[in-house]
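Participant: Provided herewith: input-v2.pdb, PDB, C-alpha atoms.
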MODEL        1
ATOM      1  CA  VAL K   1      -9.801   5.688  10.465  1.00  0.00           C
ATOM      2  CA  GLN K   2     -11.543   4.793   7.213  1.00  0.00           C
ATOM      3  CA  LEU K   3      -9.467   3.897   4.181  1.00  0.00           C
ATOM      4  CA  GLN K   4     -10.442   4.015   0.504  1.00  0.00           C
ATOM      5  CA  ALA K   5      -8.032   2.565  -2.044  1.00  0.00           C
ATOM      6  CA  SER K   6      -8.149   3.418  -5.733  1.00  0.00           C
ATOM      7  CA  GLY K   7      -6.051   3.456  -8.876  1.00  0.00           C
ATOM      8  CA  GLY K   8      -6.002  -0.191  -9.841  1.00  0.00           C
ATOM      9  CA  GLY K   9      -6.547  -1.380 -13.376  1.00  0.00           C
ATOM     10  CA  LEU K  10      -5.230  -3.392 -16.277  1.00  0.00           C
ATOM     11  CA  VAL K  11      -1.711  -2.662 -17.497  1.00  0.00           C
ATOM     12  CA  GLN K  12       0.790  -4.416 -19.734  1.00  0.00           C
ATOM     13  CA  ALA K  13       3.980  -5.832 -18.338  1.00  0.00           C
ATOM     14  CA  GLY K  14       6.571  -3.105 -17.994  1.00  0.00           C
ATOM     15  CA  GLY K  15       3.940  -0.470 -17.411  1.00  0.00           C
ATOM     16  CA  SER K  16       3.187   1.692 -14.407  1.00  0.00           C
ATOM     17  CA  LEU K  17       0.310   2.432 -12.066  1.00  0.00           C
ATOM     18  CA  ARG K  18      -0.109   4.638  -9.034  1.00  0.00           C
ATOM     19  CA  LEU K  19      -2.378   3.518  -6.264  1.00  0.00           C
ATOM     20  CA  SER K  20      -3.910   5.954  -3.816  1.00  0.00           C
ATOM     21  CA  CYS K  21      -5.448   5.445  -0.410  1.00  0.00           C
ATOM     22  CA  ALA K  22      -7.559   8.237   1.033  1.00  0.00           C
ATOM     23  CA  ALA K  23      -7.906   8.275   4.799  1.00  0.00           C
ATOM     24  CA  SER K  24     -10.637   9.908   6.834  1.00  0.00           C
ATOM     25  CA  GLY K  25     -11.472  10.036  10.500  1.00  0.00           C
ATOM     26  CA  ARG K  26      -8.725  10.151  13.079  1.00  0.00           C
ATOM     27  CA  THR K  27      -5.598  12.230  12.444  1.00  0.00           C
ATOM     28  CA  PHE K  28      -3.643  10.652   9.615  1.00  0.00           C
ATOM     29  CA  THR K  29      -0.308  11.220  11.308  1.00  0.00           C
ATOM     30  CA  SER K  30      -1.413   8.939  14.141  1.00  0.00           C
ATOM     31  CA  TYR K  31      -0.734   6.006  11.839  1.00  0.00           C
ATOM     32  CA  ASN K  32       2.084   4.204  10.181  1.00  0.00           C
ATOM     33  CA  MET K  33       0.770   2.982   6.832  1.00  0.00           C
ATOM     34  CA  GLY K  34       1.270  -0.021   4.612  1.00  0.00           C
ATOM     35  CA  TRP K  35       0.334  -1.688   1.370  1.00  0.00           C
ATOM     36  CA  PHE K  36      -0.428  -5.381   1.138  1.00  0.00           C
ATOM     37  CA  ARG K  37      -1.553  -7.579  -1.732  1.00  0.00           C
ATOM     38  CA  GLN K  38      -3.313 -10.853  -2.264  1.00  0.00           C
ATOM     39  CA  ALA K  39      -2.930 -12.790  -5.491  1.00  0.00           C
ATOM     40  CA  PRO K  40      -5.499 -15.396  -6.590  1.00  0.00           C
ATOM     41  CA  GLY K  41      -5.099 -18.547  -4.533  1.00  0.00           C
ATOM     42  CA  LYS K  42      -2.421 -17.049  -2.314  1.00  0.00           C
ATOM     43  CA  GLU K  43      -2.250 -15.527   1.116  1.00  0.00           C
ATOM     44  CA  ARG K  44      -2.089 -11.803   1.637  1.00  0.00           C
ATOM     45  CA  GLU K  45       1.478 -10.509   1.718  1.00  0.00           C
ATOM     46  CA  PHE K  46       3.277  -7.366   2.767  1.00  0.00           C
ATOM     47  CA  VAL K  47       4.346  -5.002  -0.015  1.00  0.00           C
ATOM     48  CA  ALA K  48       5.594  -1.789   1.573  1.00  0.00           C
ATOM     49  CA  SER K  49       5.265   0.398   4.648  1.00  0.00           C
ATOM     50  CA  ILE K  50       5.931   3.988   5.623  1.00  0.00           C
ATOM     51  CA  SER K  51       6.235   5.707   8.967  1.00  0.00           C
ATOM     52  CA  TRP K  52       3.849   8.394  10.145  1.00  0.00           C
ATOM     53  CA  ASN K  53       6.057  11.233   8.903  1.00  0.00           C
ATOM     54  CA  GLY K  54       7.375   9.495   5.790  1.00  0.00           C
ATOM     55  CA  GLY K  55      10.853   9.305   7.219  1.00  0.00           C
ATOM     56  CA  SER K  56      11.135   5.534   7.122  1.00  0.00           C
ATOM     57  CA  THR K  57      10.062   3.068   4.455  1.00  0.00           C
ATOM     58  CA  SER K  58      10.311  -0.673   3.999  1.00  0.00           C
ATOM     59  CA  TYR K  59       9.718  -2.946   1.004  1.00  0.00           C
ATOM     60  CA  GLU K  60       9.222  -6.585   0.236  1.00  0.00           C
ATOM     61  CA  ASP K  61      12.239  -7.842  -1.677  1.00  0.00           C
ATOM     62  CA  SER K  62      10.479  -8.517  -4.980  1.00  0.00           C
ATOM     63  CA  VAL K  63       9.279  -4.914  -5.332  1.00  0.00           C
ATOM     64  CA  LYS K  64      12.424  -3.097  -4.231  1.00  0.00           C
ATOM     65  CA  GLY K  65      13.606  -0.702  -6.913  1.00  0.00           C
ATOM     66  CA  ARG K  66      10.269  -0.886  -8.741  1.00  0.00           C
ATOM     67  CA  PHE K  67       7.685   0.333  -6.204  1.00  0.00           C
ATOM     68  CA  THR K  68       7.755   3.514  -4.134  1.00  0.00           C
ATOM     69  CA  ILE K  69       5.534   4.170  -1.148  1.00  0.00           C
ATOM     70  CA  SER K  70       4.840   7.751  -0.121  1.00  0.00           C
ATOM     71  CA  ARG K  71       2.318   9.798   1.766  1.00  0.00           C
ATOM     72  CA  ASP K  72       0.963  13.331   1.746  1.00  0.00           C
ATOM     73  CA  ASN K  73      -0.134  14.115   5.276  1.00  0.00           C
ATOM     74  CA  ALA K  74      -1.691  17.410   4.208  1.00  0.00           C
ATOM     75  CA  LYS K  75      -4.013  15.451   1.915  1.00  0.00           C
ATOM     76  CA  ASN K  76      -4.481  12.431   4.210  1.00  0.00           C
ATOM     77  CA  THR K  77      -3.417  10.205   1.345  1.00  0.00           C
ATOM     78  CA  LEU K  78      -1.092   7.258   0.921  1.00  0.00           C
ATOM     79  CA  TYR K  79       0.412   6.320  -2.446  1.00  0.00           C
ATOM     80  CA  LEU K  80       2.110   3.388  -4.088  1.00  0.00           C
ATOM     81  CA  GLN K  81       3.920   4.133  -7.332  1.00  0.00           C
ATOM     82  CA  MET K  82       4.426   0.881  -9.212  1.00  0.00           C
ATOM     83  CA  ASN K  83       6.846   0.787 -12.143  1.00  0.00           C
ATOM     84  CA  SER K  84       8.164  -2.035 -14.309  1.00  0.00           C
ATOM     85  CA  LEU K  85       5.134  -4.105 -13.456  1.00  0.00           C
ATOM     86  CA  LYS K  86       5.271  -7.858 -13.922  1.00  0.00           C
ATOM     87  CA  PRO K  87       2.470 -10.405 -14.349  1.00  0.00           C
ATOM     88  CA  GLU K  88       3.314 -11.741 -10.887  1.00  0.00           C
ATOM     89  CA  ASP K  89       2.330  -8.361  -9.439  1.00  0.00           C
ATOM     90  CA  THR K  90      -1.281  -9.152 -10.337  1.00  0.00           C
ATOM     91  CA  ALA K  91      -3.287  -9.026  -7.117  1.00  0.00           C
ATOM     92  CA  ILE K  92      -5.778  -7.106  -5.072  1.00  0.00           C
ATOM     93  CA  TYR K  93      -3.872  -4.354  -3.292  1.00  0.00           C
ATOM     94  CA  TYR K  94      -4.948  -3.207   0.150  1.00  0.00           C
ATOM     95  CA  CYS K  95      -3.885  -0.198   2.145  1.00  0.00           C
ATOM     96  CA  ALA K  96      -3.723  -0.533   5.897  1.00  0.00           C
ATOM     97  CA  ALA K  97      -3.116   1.638   8.929  1.00  0.00           C
ATOM     98  CA  ARG K  98      -1.295   0.843  12.157  1.00  0.00           C
ATOM     99  CA  LEU K  99      -1.544   3.099  15.172  1.00  0.00           C
ATOM    100  CA  LEU K 100       1.811   4.315  16.426  1.00  0.00           C
ATOM    101  CA  LEU K 101       3.376   1.903  18.942  1.00  0.00           C
ATOM    102  CA  ARG K 102       1.048  -0.897  17.845  1.00  0.00           C
ATOM    103  CA  GLU K 103       2.404  -4.056  16.233  1.00  0.00           C
ATOM    104  CA  GLU K 104      -0.519  -4.968  14.013  1.00  0.00           C
ATOM    105  CA  TYR K 105      -2.408  -3.207  11.254  1.00  0.00           C
ATOM    106  CA  GLY K 106      -5.873  -2.679  12.630  1.00  0.00           C
ATOM    107  CA  TYR K 107      -7.533  -0.786   9.799  1.00  0.00           C
ATOM    108  CA  TRP K 108      -7.920  -1.899   6.202  1.00  0.00           C
ATOM    109  CA  GLY K 109      -9.227  -0.456   2.971  1.00  0.00           C
ATOM    110  CA  GLN K 110     -11.452  -2.392   0.596  1.00  0.00           C
ATOM    111  CA  GLY K 111      -8.764  -3.221  -1.949  1.00  0.00           C
ATOM    112  CA  THR K 112      -8.133  -2.298  -5.554  1.00  0.00           C
ATOM    113  CA  LEU K 113      -7.407  -4.822  -8.307  1.00  0.00           C
ATOM    114  CA  VAL K 114      -4.205  -4.618 -10.306  1.00  0.00           C
ATOM    115  CA  THR K 115      -3.925  -6.880 -13.345  1.00  0.00           C
ATOM    116  CA  VAL K 116      -0.678  -7.058 -15.296  1.00  0.00           C
ATOM    117  CA  SER K 117      -0.865  -8.773 -18.679  1.00  0.00           C
ATOM    118  CA  SER K 118       2.122 -10.416 -20.305  1.00  0.00           C
TER     119      SER K 118
ENDMDL
END
Is it possible to give me this structure as structure tokens?

Facilitator:
Amino acid sequence: VQLQASGGGLVQAGGSLRLSCAASGRTFTSYNMGWFRQAPGKEREFVASISWNGGSTSYEDSVKGRFTISRDNAKNTLYLQMNSLKPEDTAIYYCAARLLLREEYGYWGQGTLVTVSS
């Protein structure tokens, strides 16, 4: 599967952005999906994940209640709605795909930069 992330940009603290990740190639529902981020000088970290049918989601503690992961399988697209953004959310955001029954994310998009100003 090929992944193309978009939707990043510059936003003031307290603002919102919605990231999208368009998938092409193998059947989208063959994958559980996730969002990760990497801030300057830090390691990449998990943000959120969603099961193949959208029935199960998981979030990193610092984004719970502010971010919402979703997917539209008819459009082969993954989303991350980010509200109440904070400067510490500034990072490159990556979407990733994990084949069902696999433990690791084997497919990654190119990343989209989110910058939150204070």

Participant: Name the residues, using the chain letters and numbers of the file, that sit within 10 Å of (6.2, 2.3, 2.4) when counting only C-alpha atoms, and give them as a list in words.

Facilitator: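 Residues with an atom close enough to that point: Asn32, Met33, Gly34, Trp35, Val47, Ala48, Ser49, Ile50, Ser51, Gly54, Gly55, Ser56, Thr57, Ser58, Tyr59, Glu60, Phe67, Thr68, Ile69, Ser70, Arg71, Leu78, Tyr79 and Leu80 of chain K.
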
Participant: From the set K:Leu10, K:Cys95, K:Val1, K:Glu43, which residue has the shortest atom-to-atom contact distance to Thr115 of chain K, counting all atoms listed in the file?

Facilitator: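 Ranking K:Leu10, K:Cys95, K:Val1, K:Glu43 by distance to Thr115 of chain K, first place goes to K:Leu10.
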
Participant: Would you mind reading off the distance between atom CA of Met82 of chain K and atom CA of Gln38 of chain K, one decimal, in Å?

Facilitator: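 Between these atoms lies a distance of 15.7 Å.
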
Participant: Run the PyMOL selection byres ((chain K and resi 25) around 12) mentally over the shown coordinates, then write out the matched residues as a list in words, using the chain letters and numbers from the document.

Facilitator: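 That expression, the PyMOL selection byres ((chain K and resi 25) around 12), corresponds here to Val1, Gln2, Leu3, Gln4, Ala22, Ala23, Ser24, Arg26, Thr27, Phe28, Thr29, Ser30, Tyr31, Asn76, Ala97 and Tyr107 of chain K.
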
Participant: Give as a PyMOL selection string the residues that the PyMOL selection byres ((chain K and resi 92) around 12) matches when applied to the coordinates above.

Facilitator: chain K and resi 5-10+19+35-47+88-91+93-95+109-116

Participant: Point out the residue among K:Trp52, K:Leu85, K:Ala13, K:Leu99 with the least atom-to-atom distance to Asp72 of chain K, counting all atoms listed in the file.

Facilitator: K:Trp52

Participant: In Å to one decimal, how far is atom CA of Thr77 of chain K from atom CA of Glu104 of chain K?

Facilitator: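 These atoms are spaced 20.0 Å apart.
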
Participant: Work out how far atom CA of Pro87 of chain K is from atom CA of Gly65 of chain K, in Å to one decimal.

Facilitator: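 Rounded to one decimal, the two atoms are 16.5 Å apart.
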
Participant: Find the residue from K:Lys86, K:Trp108, K:Arg66, K:Asn53 that sits nearest to Cys21 of chain K; use only C-alpha atoms when measuring.

Facilitator: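 For Cys21 of chain K, the nearest of the given residues is K:Trp108.
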